[in-house]
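Below you'll find the structure, written out as structure tokens, and then a few comments.
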Amino acid sequence: MEEQNLVYLLDGKIYINLTNNCTNMCLFCIRNLKDDVCGQNLWLKNDSVSSKEVLEQLKDFCEKENPALLVSKDLVFCGYGEPTLKLDVLKEVAKYVKENYKNTKIRVNTNGHANFVYKRIILPELKGLVDEFSVSLNAETEELYKAIAQPNIKTDTPLQVVKDFIKSSTEEGFETTASIVSGYKDFDIDTEKCREIATSLGAKFRVREWLERGY
């Protein structure tokens, strides 16, 4: 059976692709634009990805590229889905990396729905395993968030779910960045209001310009 692409390199960083499942269907998502990143198809044939499979690919990937690749690289959990939906696998892989490559910085790119999905605050479980969260804030109002992110979690206030996650992340001491995507079609996102939201929650703020190729 053809191997699934669970590990890839982009902009000098190692990326981990754990799942294609997501609680959002963001209109600007790269997976709506193309099937690959850097020539690697990130669509998985199934969602039963194990930590063993990820670690096997990670070790193989590092040995092929450079025996000391992880020593000086960042590692990011980000693929064609929401990585926190594979929380146990994420924790096991991050634990291995931290035990074997202590200087590797680990970031999770997330939509911020995890606490709502698991009905608990997951951040304490990730202390010592994850260094940074990049959270997709996407918009300044619930209406605009729903239009852009197309969330399927059962709540009338999905943006508040995201803001609560950002606040929890900063309170737990994680480096946290809230992000928006600008320039996508006719969606008029108020950058300054989003910046104010991020700042009020204790997070940094980042504007990502929308690119047709996705990155």
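Identifiers for the structure tokens are assigned positionally: chains receive A, B, ... in sequence, residues are indexed from 1 per chain, and ligands are indexed from 1 in the order shown.
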Can I get the residues of region 54-134 of chain A within 10 Å of region 2-10 of chain A, each with the closest pair of atoms and their distance in Å to one decimal, using only C-alpha atoms, sorted chain first then ascending number, as JSON lines?
{"residue": "A:Val54", "atom": "CA", "partner": "A:Leu6", "partner_atom": "CA", "distance": 6.1}
{"residue": "A:Leu55", "atom": "CA", "partner": "A:Val7", "partner_atom": "CA", "distance": 9.2}
{"residue": "A:Glu56", "atom": "CA", "partner": "A:Leu6", "partner_atom": "CA", "distance": 9.8}
{"residue": "A:Gln57", "atom": "CA", "partner": "A:Val7", "partner_atom": "CA", "distance": 6.5}
{"residue": "A:Leu58", "atom": "CA", "partner": "A:Val7", "partner_atom": "CA", "distance": 6.2}
{"residue": "A:Lys59", "atom": "CA", "partner": "A:Val7", "partner_atom": "CA", "distance": 9.8}
{"residue": "A:Asp60", "atom": "CA", "partner": "A:Val7", "partner_atom": "CA", "distance": 9.7}
{"residue": "A:Phe61", "atom": "CA", "partner": "A:Val7", "partner_atom": "CA", "distance": 7.4}
{"residue": "A:Cys62", "atom": "CA", "partner": "A:Val7", "partner_atom": "CA", "distance": 9.8}
{"residue": "A:Glu65", "atom": "CA", "partner": "A:Leu9", "partner_atom": "CA", "distance": 9.8}
{"residue": "A:Leu75", "atom": "CA", "partner": "A:Leu9", "partner_atom": "CA", "distance": 9.3}
{"residue": "A:Val76", "atom": "CA", "partner": "A:Leu9", "partner_atom": "CA", "distance": 9.8}
{"residue": "A:Phe77", "atom": "CA", "partner": "A:Val7", "partner_atom": "CA", "distance": 9.4}
{"residue": "A:Cys78", "atom": "CA", "partner": "A:Val7", "partner_atom": "CA", "distance": 9.7}
{"residue": "A:Gly79", "atom": "CA", "partner": "A:Leu6", "partner_atom": "CA", "distance": 8.3}
Mind dumping the selected residues with all heavy atoms as a short mmCIF file (atom, residue, chain, number, x, y, z; two decimals), in the first residue's frame?
data_model
loop_
_atom_site.label_atom_id
_atom_site.label_comp_id
_atom_site.auth_asym_id
_atom_site.auth_seq_id
_atom_site.Cartn_x
_atom_site.Cartn_y
_atom_site.Cartn_z
N VAL A 54 3.70 7.88 12.30
CA VAL A 54 4.26 9.23 12.20
C VAL A 54 5.74 9.22 12.57
O VAL A 54 6.57 9.79 11.86
CB VAL A 54 3.50 10.21 13.10
CG1 VAL A 54 4.15 11.59 13.04
CG2 VAL A 54 2.03 10.31 12.69
N LEU A 55 6.07 8.54 13.66
CA LEU A 55 7.46 8.53 14.11
C LEU A 55 8.36 7.78 13.15
O LEU A 55 9.52 8.17 12.94
CB LEU A 55 7.54 7.94 15.52
CG LEU A 55 6.96 8.82 16.62
CD1 LEU A 55 6.92 8.08 17.95
CD2 LEU A 55 7.74 10.13 16.75
N GLU A 56 7.85 6.73 12.53
CA GLU A 56 8.64 6.01 11.54
C GLU A 56 8.97 6.92 10.37
O GLU A 56 10.11 6.96 9.89
CB GLU A 56 7.89 4.76 11.06
CG GLU A 56 7.90 3.61 12.05
CD GLU A 56 7.09 2.42 11.59
OE1 GLU A 56 6.39 2.54 10.55
OE2 GLU A 56 7.14 1.37 12.26
N GLN A 57 7.97 7.65 9.90
CA GLN A 57 8.22 8.59 8.79
C GLN A 57 9.13 9.73 9.21
O GLN A 57 10.00 10.16 8.45
CB GLN A 57 6.90 9.15 8.26
CG GLN A 57 6.27 8.28 7.21
CD GLN A 57 5.25 9.04 6.36
OE1 GLN A 57 5.42 10.21 6.04
NE2 GLN A 57 4.19 8.36 5.98
N LEU A 58 8.94 10.22 10.42
CA LEU A 58 9.76 11.33 10.91
C LEU A 58 11.23 10.93 10.99
O LEU A 58 12.11 11.66 10.54
CB LEU A 58 9.26 11.77 12.29
CG LEU A 58 9.96 12.98 12.90
CD1 LEU A 58 9.78 14.22 12.03
CD2 LEU A 58 9.43 13.24 14.32
N LYS A 59 11.48 9.75 11.55
CA LYS A 59 12.87 9.27 11.65
C LYS A 59 13.47 9.06 10.27
O LYS A 59 14.61 9.46 10.00
CB LYS A 59 12.91 7.98 12.46
CG LYS A 59 12.52 8.16 13.92
CD LYS A 59 12.38 6.79 14.60
CE LYS A 59 11.81 6.93 16.00
NZ LYS A 59 11.59 5.61 16.63
N ASP A 60 12.71 8.45 9.38
CA ASP A 60 13.18 8.19 8.03
C ASP A 60 13.43 9.49 7.29
O ASP A 60 14.43 9.67 6.60
CB ASP A 60 12.15 7.34 7.28
CG ASP A 60 12.66 6.87 5.92
OD1 ASP A 60 13.79 6.38 5.85
OD2 ASP A 60 11.92 7.03 4.93
N PHE A 61 12.52 10.43 7.44
CA PHE A 61 12.61 11.73 6.80
C PHE A 61 13.87 12.46 7.25
O PHE A 61 14.61 13.01 6.43
CB PHE A 61 11.37 12.54 7.15
CG PHE A 61 11.29 13.90 6.51
CD1 PHE A 61 10.78 14.06 5.24
CD2 PHE A 61 11.72 15.02 7.19
CE1 PHE A 61 10.69 15.32 4.65
CE2 PHE A 61 11.64 16.28 6.62
CZ PHE A 61 11.12 16.43 5.34
N CYS A 62 14.11 12.46 8.54
CA CYS A 62 15.28 13.16 9.07
C CYS A 62 16.58 12.52 8.63
O CYS A 62 17.55 13.20 8.31
CB CYS A 62 15.20 13.23 10.59
SG CYS A 62 13.90 14.31 11.18
N GLU A 65 17.19 13.48 4.93
CA GLU A 65 17.50 14.89 4.71
C GLU A 65 18.82 15.28 5.40
O GLU A 65 19.65 15.95 4.82
CB GLU A 65 16.37 15.77 5.26
CG GLU A 65 15.04 15.61 4.55
CD GLU A 65 15.05 16.24 3.16
OE1 GLU A 65 15.88 17.13 2.92
OE2 GLU A 65 14.22 15.81 2.33
N LEU A 75 9.29 22.29 14.36
CA LEU A 75 8.35 21.25 13.95
C LEU A 75 6.94 21.79 14.17
O LEU A 75 6.62 22.33 15.23
CB LEU A 75 8.56 19.97 14.76
CG LEU A 75 7.71 18.76 14.34
CD1 LEU A 75 8.50 17.46 14.51
CD2 LEU A 75 6.42 18.69 15.15
N VAL A 76 6.10 21.66 13.13
CA VAL A 76 4.76 22.22 13.16
C VAL A 76 3.72 21.14 12.88
O VAL A 76 3.83 20.43 11.88
CB VAL A 76 4.60 23.35 12.12
CG1 VAL A 76 3.23 24.00 12.24
CG2 VAL A 76 5.71 24.38 12.24
N PHE A 77 2.74 21.03 13.76
CA PHE A 77 1.62 20.14 13.49
C PHE A 77 0.61 20.92 12.65
O PHE A 77 -0.10 21.79 13.15
CB PHE A 77 0.98 19.66 14.79
CG PHE A 77 1.79 18.62 15.52
CD1 PHE A 77 2.67 18.99 16.51
CD2 PHE A 77 1.67 17.28 15.20
CE1 PHE A 77 3.43 18.04 17.19
CE2 PHE A 77 2.43 16.31 15.85
CZ PHE A 77 3.31 16.70 16.85
N CYS A 78 0.58 20.62 11.37
CA CYS A 78 -0.31 21.32 10.44
C CYS A 78 -0.36 20.54 9.14
O CYS A 78 0.68 20.27 8.54
CB CYS A 78 0.19 22.74 10.19
SG CYS A 78 -0.78 23.65 8.97
N GLY A 79 -1.55 20.17 8.71
CA GLY A 79 -1.69 19.47 7.45
C GLY A 79 -2.99 19.87 6.78
O GLY A 79 -3.33 21.05 6.73
#
**Q.** Near-Cys22 (chain A) list (9 Å; only C-alpha atoms; drop same-chain fewer than 3 positions) as a count of residues only
**A.** 10
Q | Close residues, Arg107 (chain A) itself excluded, 10 Å, only C-alpha atoms, min 6 positions apart in chain, as a PyMOL selection string | A | chain A and resi 15+74-78+94+129-134+174-176
(Q) Calculated over only C-alpha atoms, which of the candidates A:Leu27, A:Ser136, A:Lys119, A:Leu18 has the smallest distance to Leu42 (chain A)? (A)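 Of the candidates, the smallest distance to Leu42 (chain A) is held by A:Leu18.
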So that I can see what lies close to region 28-33 of chain A, please list as a PDB file with N, CA and C atoms, in the first residue's frame the residues with an atom at most 12 Å from it, counting only C-alpha atoms and leaving out residues fewer than 5 positions away in the same chain.
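Saved the output as out34.pdb:
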ATOM      1  N   ASN A  20      -7.122  14.515   7.996  1.00  0.00           N
ATOM      2  CA  ASN A  20      -7.830  15.382   7.053  1.00  0.00           C
ATOM      3  C   ASN A  20      -9.150  15.868   7.635  1.00  0.00           C
ATOM      4  N   ASN A  21      -9.506  15.368   8.812  1.00  0.00           N
ATOM      5  CA  ASN A  21     -10.743  15.808   9.457  1.00  0.00           C
ATOM      6  C   ASN A  21     -10.569  17.208  10.037  1.00  0.00           C
ATOM      7  N   CYS A  22     -11.640  17.988   9.999  1.00  0.00           N
ATOM      8  CA  CYS A  22     -11.589  19.323  10.564  1.00  0.00           C
ATOM      9  C   CYS A  22     -12.994  19.745  10.970  1.00  0.00           C
ATOM     10  N   ASN A  41       1.156  15.006  -1.946  1.00  0.00           N
ATOM     11  CA  ASN A  41      -0.289  14.941  -1.759  1.00  0.00           C
ATOM     12  C   ASN A  41      -0.586  14.689  -0.278  1.00  0.00           C
ATOM     13  N   LEU A  42      -1.309  15.612   0.345  1.00  0.00           N
ATOM     14  CA  LEU A  42      -1.571  15.502   1.780  1.00  0.00           C
ATOM     15  C   LEU A  42      -2.930  14.895   2.100  1.00  0.00           C
ATOM     16  N   TRP A  43      -3.673  14.484   1.072  1.00  0.00           N
ATOM     17  CA  TRP A  43      -4.927  13.781   1.343  1.00  0.00           C
ATOM     18  C   TRP A  43      -4.605  12.373   1.833  1.00  0.00           C
ATOM     19  N   LEU A  44      -5.102  12.043   3.005  1.00  0.00           N
ATOM     20  CA  LEU A  44      -4.847  10.733   3.603  1.00  0.00           C
ATOM     21  C   LEU A  44      -5.923   9.742   3.177  1.00  0.00           C
ATOM     22  N   CYS A  78       0.581  20.617  11.367  1.00  0.00           N
ATOM     23  CA  CYS A  78      -0.312  21.319  10.444  1.00  0.00           C
ATOM     24  C   CYS A  78      -0.361  20.538   9.139  1.00  0.00           C
ATOM     25  N   GLY A  79      -1.552  20.168   8.712  1.00  0.00           N
ATOM     26  CA  GLY A  79      -1.691  19.467   7.448  1.00  0.00           C
ATOM     27  C   GLY A  79      -2.988  19.870   6.778  1.00  0.00           C
ATOM     28  N   TYR A  80      -3.740  18.887   6.295  1.00  0.00           N
ATOM     29  CA  TYR A  80      -5.009  19.179   5.632  1.00  0.00           C
ATOM     30  C   TYR A  80      -6.200  19.068   6.580  1.00  0.00           C
ATOM     31  N   GLY A  81      -5.931  18.958   7.888  1.00  0.00           N
ATOM     32  CA  GLY A  81      -7.014  18.877   8.861  1.00  0.00           C
ATOM     33  C   GLY A  81      -6.615  19.546  10.163  1.00  0.00           C
ATOM     34  N   GLU A  82      -7.434  19.369  11.177  1.00  0.00           N
ATOM     35  CA  GLU A  82      -7.198  19.972  12.493  1.00  0.00           C
ATOM     36  C   GLU A  82      -6.396  19.001  13.365  1.00  0.00           C
ATOM     37  N   ASN A 111      -7.484  25.510  14.807  1.00  0.00           N
ATOM     38  CA  ASN A 111      -8.655  26.383  14.659  1.00  0.00           C
ATOM     39  C   ASN A 111      -9.236  26.780  16.017  1.00  0.00           C
ATOM     40  N   SER A 136      -6.333  30.214  14.437  1.00  0.00           N
ATOM     41  CA  SER A 136      -7.040  30.923  13.367  1.00  0.00           C
ATOM     42  C   SER A 136      -8.235  31.682  13.939  1.00  0.00           C
ATOM     43  N   ASN A 138      -9.598  34.387  12.360  1.00  0.00           N
ATOM     44  CA  ASN A 138     -10.358  34.503  11.100  1.00  0.00           C
ATOM     45  C   ASN A 138     -11.201  35.759  10.944  1.00  0.00           C
ATOM     46  N   ALA A 147     -19.324  32.809   8.184  1.00  0.00           N
ATOM     47  CA  ALA A 147     -19.299  32.884   6.725  1.00  0.00           C
ATOM     48  C   ALA A 147     -17.985  32.398   6.146  1.00  0.00           C
ATOM     49  N   ILE A 148     -16.891  32.739   6.803  1.00  0.00           N
ATOM     50  CA  ILE A 148     -15.566  32.389   6.287  1.00  0.00           C
ATOM     51  C   ILE A 148     -15.138  30.985   6.686  1.00  0.00           C
ATOM     52  N   ALA A 149     -15.297  30.663   7.975  1.00  0.00           N
ATOM     53  CA  ALA A 149     -14.772  29.397   8.503  1.00  0.00           C
ATOM     54  C   ALA A 149     -15.720  28.220   8.285  1.00  0.00           C
ATOM     55  N   GLN A 150     -16.999  28.471   8.102  1.00  0.00           N
ATOM     56  CA  GLN A 150     -17.978  27.404   7.894  1.00  0.00           C
ATOM     57  C   GLN A 150     -17.864  26.313   8.969  1.00  0.00           C
ATOM     58  N   ILE A 180      -5.328  36.022  11.099  1.00  0.00           N
ATOM     59  CA  ILE A 180      -6.409  36.165  10.128  1.00  0.00           C
ATOM     60  C   ILE A 180      -5.800  36.069   8.741  1.00  0.00           C
ATOM     61  N   VAL A 181      -6.634  35.804   7.753  1.00  0.00           N
ATOM     62  CA  VAL A 181      -6.211  35.796   6.356  1.00  0.00           C
ATOM     63  C   VAL A 181      -6.845  37.002   5.679  1.00  0.00           C
ATOM     64  N   SER A 182      -6.023  37.837   5.088  1.00  0.00           N
ATOM     65  CA  SER A 182      -6.541  39.046   4.443  1.00  0.00           C
ATOM     66  C   SER A 182      -6.532  38.888   2.931  1.00  0.00           C
ATOM     67  N   GLY A 183      -7.417  39.635   2.283  1.00  0.00           N
ATOM     68  CA  GLY A 183      -7.405  39.681   0.824  1.00  0.00           C
ATOM     69  C   GLY A 183      -8.112  38.536   0.137  1.00  0.00           C
ATOM     70  N   TYR A 184      -8.916  37.772   0.900  1.00  0.00           N
ATOM     71  CA  TYR A 184      -9.631  36.669   0.245  1.00  0.00           C
ATOM     72  C   TYR A 184     -10.971  37.176  -0.292  1.00  0.00           C
ATOM     73  N   LYS A 185     -11.086  37.216  -1.611  1.00  0.00           N
ATOM     74  CA  LYS A 185     -12.307  37.635  -2.314  1.00  0.00           C
ATOM     75  C   LYS A 185     -12.833  38.944  -1.735  1.00  0.00           C
ATOM     76  N   ASP A 186     -14.123  39.004  -1.445  1.00  0.00           N
ATOM     77  CA  ASP A 186     -14.726  40.261  -1.001  1.00  0.00           C
ATOM     78  C   ASP A 186     -14.978  40.310   0.501  1.00  0.00           C
ATOM     79  N   PHE A 187     -14.373  39.396   1.247  1.00  0.00           N
ATOM     80  CA  PHE A 187     -14.581  39.382   2.695  1.00  0.00           C
ATOM     81  C   PHE A 187     -13.820  40.544   3.334  1.00  0.00           C
ATOM     82  N   ARG A 208      -2.037  37.062   7.649  1.00  0.00           N
ATOM     83  CA  ARG A 208      -1.495  36.274   6.539  1.00  0.00           C
ATOM     84  C   ARG A 208      -2.206  36.703   5.253  1.00  0.00           C
ATOM     85  N   GLU A 209      -1.439  37.153   4.303  1.00  0.00           N
ATOM     86  CA  GLU A 209      -2.028  37.534   3.024  1.00  0.00           C
ATOM     87  C   GLU A 209      -2.471  36.281   2.276  1.00  0.00           C
ATOM     88  N   TRP A 210      -3.684  36.312   1.737  1.00  0.00           N
ATOM     89  CA  TRP A 210      -4.175  35.158   1.000  1.00  0.00           C
ATOM     90  C   TRP A 210      -3.418  35.009  -0.316  1.00  0.00           C
ATOM     91  N   LEU A 211      -2.895  33.817  -0.543  1.00  0.00           N
ATOM     92  CA  LEU A 211      -2.185  33.502  -1.757  1.00  0.00           C
ATOM     93  C   LEU A 211      -2.915  32.376  -2.483  1.00  0.00           C
ATOM     94  N   GLU A 212      -3.028  32.526  -3.782  1.00  0.00           N
ATOM     95  CA  GLU A 212      -3.795  31.530  -4.539  1.00  0.00           C
ATOM     96  C   GLU A 212      -3.189  30.142  -4.460  1.00  0.00           C
ATOM     97  N   ARG A 213      -1.869  30.084  -4.346  1.00  0.00           N
ATOM     98  CA  ARG A 213      -1.238  28.767  -4.233  1.00  0.00           C
ATOM     99  C   ARG A 213      -1.284  28.238  -2.808  1.00  0.00           C
ATOM    100  N   GLY A 214      -1.732  29.082  -1.856  1.00  0.00           N
ATOM    101  CA  GLY A 214      -1.975  28.609  -0.504  1.00  0.00           C
ATOM    102  C   GLY A 214      -0.842  28.815   0.485  1.00  0.00           C
ATOM    103  N   TYR A 215       0.381  29.084   0.020  1.00  0.00           N
ATOM    104  CA  TYR A 215       1.519  29.272   0.923  1.00  0.00           C
ATOM    105  C   TYR A 215       2.599  30.063   0.216  1.00  0.00           C
TER     106      TYR A 215
END
